[in-house]
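Below you'll find the structure, written out as structure tokens, and then a few comments.
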Amino acid sequence: MNTLVAQERKDFKKGSLRKLKNNGEIPAVVYGREINTKSISIKNADLLKVIKAVGRNGIISLNLGGKSTNVILRDYQNKAITKEVVHVDFLQVNKHTEIDTKVNVILQGTSNGEKAGGIVKQFLHELNITAKANDIPDNIEIDITDFEIGRTLRVGDLKKDYSNFTINNENDETIIMIDYVKTTEEEEDISAVEV
């Protein structure tokens with residue numbers, strides 16, 4: 001289990017945030033059914049290291065005052081331009097806690113349709129799921145190697161492949177489609193018609 005050490009924050013004056021930042025720390029909050037909401041601070045570098053190890057949805061052991069509790073990264077805020085993390089929310093979990101979260105959709109392989117001159121259009125890059133804390137995947141991988149031109153994959157097609165979590169998107173939402181690409185001759189014909 002990857003451990004992240006936190007300190008409880010008691011100073012909320014304006015200058016305290018600057019002091020945290022100068023020490024390489026960021027403000028955070030931890031909450032859950034079995035824990036009173038606490039304002040904490042964590043080292044930014046340690047957070048990035050732990051997320052790299054466990055993934056965006058992985059379980060982290062948060063050590064606060066020598067006592068450890070399992071948490072997941074529930075939400076975070078970052079600066080729009082630099083993407084620097086400025087605040088983090090942790091949710092305390094156990095193996096039975098069911099969580100609503102978002103998981104990235106990753107396409108694997110090169111489709112037969114692409115090899116035949118088609119293109120892949122991905123409409124959903126993440127899916128909304130409900131899962132127990134231990135069952136949240138880092139991402140949902142879809143092997144598109146055998147997909148031919150004209151093939152469409154919808155959420156309903158994917159739901160039967162996963163029994164340890166529930167996909168909450170509507171069945172008819174399109175995830176990906178292997179589409180035709182206009183040839184140069186077709187584009188010239190369209191241009192001629194438009195003139």
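Going through the structure tokens in order, the chains are called A, B, and so on, while each chain numbers its residues from 1 and the ligands are numbered from 1 in the order shown.
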- Message: If you run DSSP on the backbone here, which positions in chain A get alpha helix (DSSP H)? Please write them as JSON, numbers by chain.
- Response: {"A": [14, 15, 16, 17, 18, 19, 20, 21, 22, 44, 45, 46, 47, 48, 49, 50, 51, 52, 53, 54, 112, 113, 114, 115, 155, 156, 157, 158, 159, 184, 185, 186, 187, 188, 189, 190, 191, 192, 193, 194]}
- Task: Run DSSP on the backbone and grab whatever in segment 2-175 of chain A lands in strand (DSSP E); send it over as a count of residues only.
- Result: 83
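In terms of minimum interatomic distance to Glu98 of chain A, A:Thr130 ranks closest within A:Thr152, A:Asn57, A:Thr130, A:Ser163, counting only C-alpha atoms.
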- Task: Considering only C-alpha atoms, return as a PyMOL selection string whatever protein or nucleic-acid residues lie within 7 Å of segment 42-50 of chain A, sequence-local ones (same chain, fewer than 5 positions apart) excluded.
- Result: chain A and resi 2+4-7+24-27
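Distance-wise, atom CA of Phe123 of chain A and atom CA of Asp157 of chain A end up 14.7 Å apart.
Closest approach to His125 of chain A among A:Ile176, A:Val93, A:Leu62, A:Ile144 is made by A:Ile176 (distances from only C-alpha atoms).
Nearest to Val181 of chain A of all the residues A:Tyr162, A:Asp146, A:Asn134, A:Gly118 is A:Gly118, counting only C-alpha atoms.
Non-sequential neighbours of Phe165 of chain A (distance at most 7 Å, separation of 6 or more positions within a chain, only C-alpha atoms) are Ile129, Thr130, Ala131 and Asp135 of chain A.
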Please produce a file of those selected residues containing N, CA, C and O atoms, as a PDB file, in the first residue's frame.
```pdb
ATOM      1  N   ILE A 129     -18.716   5.426 -13.643  1.00  0.00           N
ATOM      2  CA  ILE A 129     -18.931   4.084 -13.101  1.00  0.00           C
ATOM      3  C   ILE A 129     -19.250   4.139 -11.608  1.00  0.00           C
ATOM      4  O   ILE A 129     -18.972   5.133 -10.944  1.00  0.00           O
ATOM      5  N   THR A 130     -19.836   3.052 -11.103  1.00  0.00           N
ATOM      6  CA  THR A 130     -20.009   2.840  -9.665  1.00  0.00           C
ATOM      7  C   THR A 130     -19.305   1.529  -9.343  1.00  0.00           C
ATOM      8  O   THR A 130     -19.548   0.512 -10.002  1.00  0.00           O
ATOM      9  N   ALA A 131     -18.423   1.570  -8.343  1.00  0.00           N
ATOM     10  CA  ALA A 131     -17.654   0.373  -7.994  1.00  0.00           C
ATOM     11  C   ALA A 131     -17.241   0.426  -6.535  1.00  0.00           C
ATOM     12  O   ALA A 131     -17.167   1.495  -5.937  1.00  0.00           O
ATOM     13  N   ASP A 135     -12.349  -2.246  -6.500  1.00  0.00           N
ATOM     14  CA  ASP A 135     -12.630  -2.690  -7.875  1.00  0.00           C
ATOM     15  C   ASP A 135     -12.554  -1.573  -8.916  1.00  0.00           C
ATOM     16  O   ASP A 135     -12.836  -1.802 -10.092  1.00  0.00           O
TER      17      ASP A 135
END
```
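Using only C-alpha atoms for every distance, the candidate list A:Leu17, A:Ile72, A:Val85, A:Val54 yields A:Ile72 as the residue closest to Val30 of chain A.
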- Could you pull the residues within 12 Å of Gln92 of chain A, counting only C-alpha atoms, minus those fewer than 6 positions along the same chain, as a PyMOL selection string? chain A and resi 29-38+59-63+68-74+98-99+133
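Remark: for Thr110 of chain A, the closest of the candidate residues A:Asp89, A:Asp143, A:Asp138, A:Glu126 is A:Asp143 (distances computed over only C-alpha atoms).
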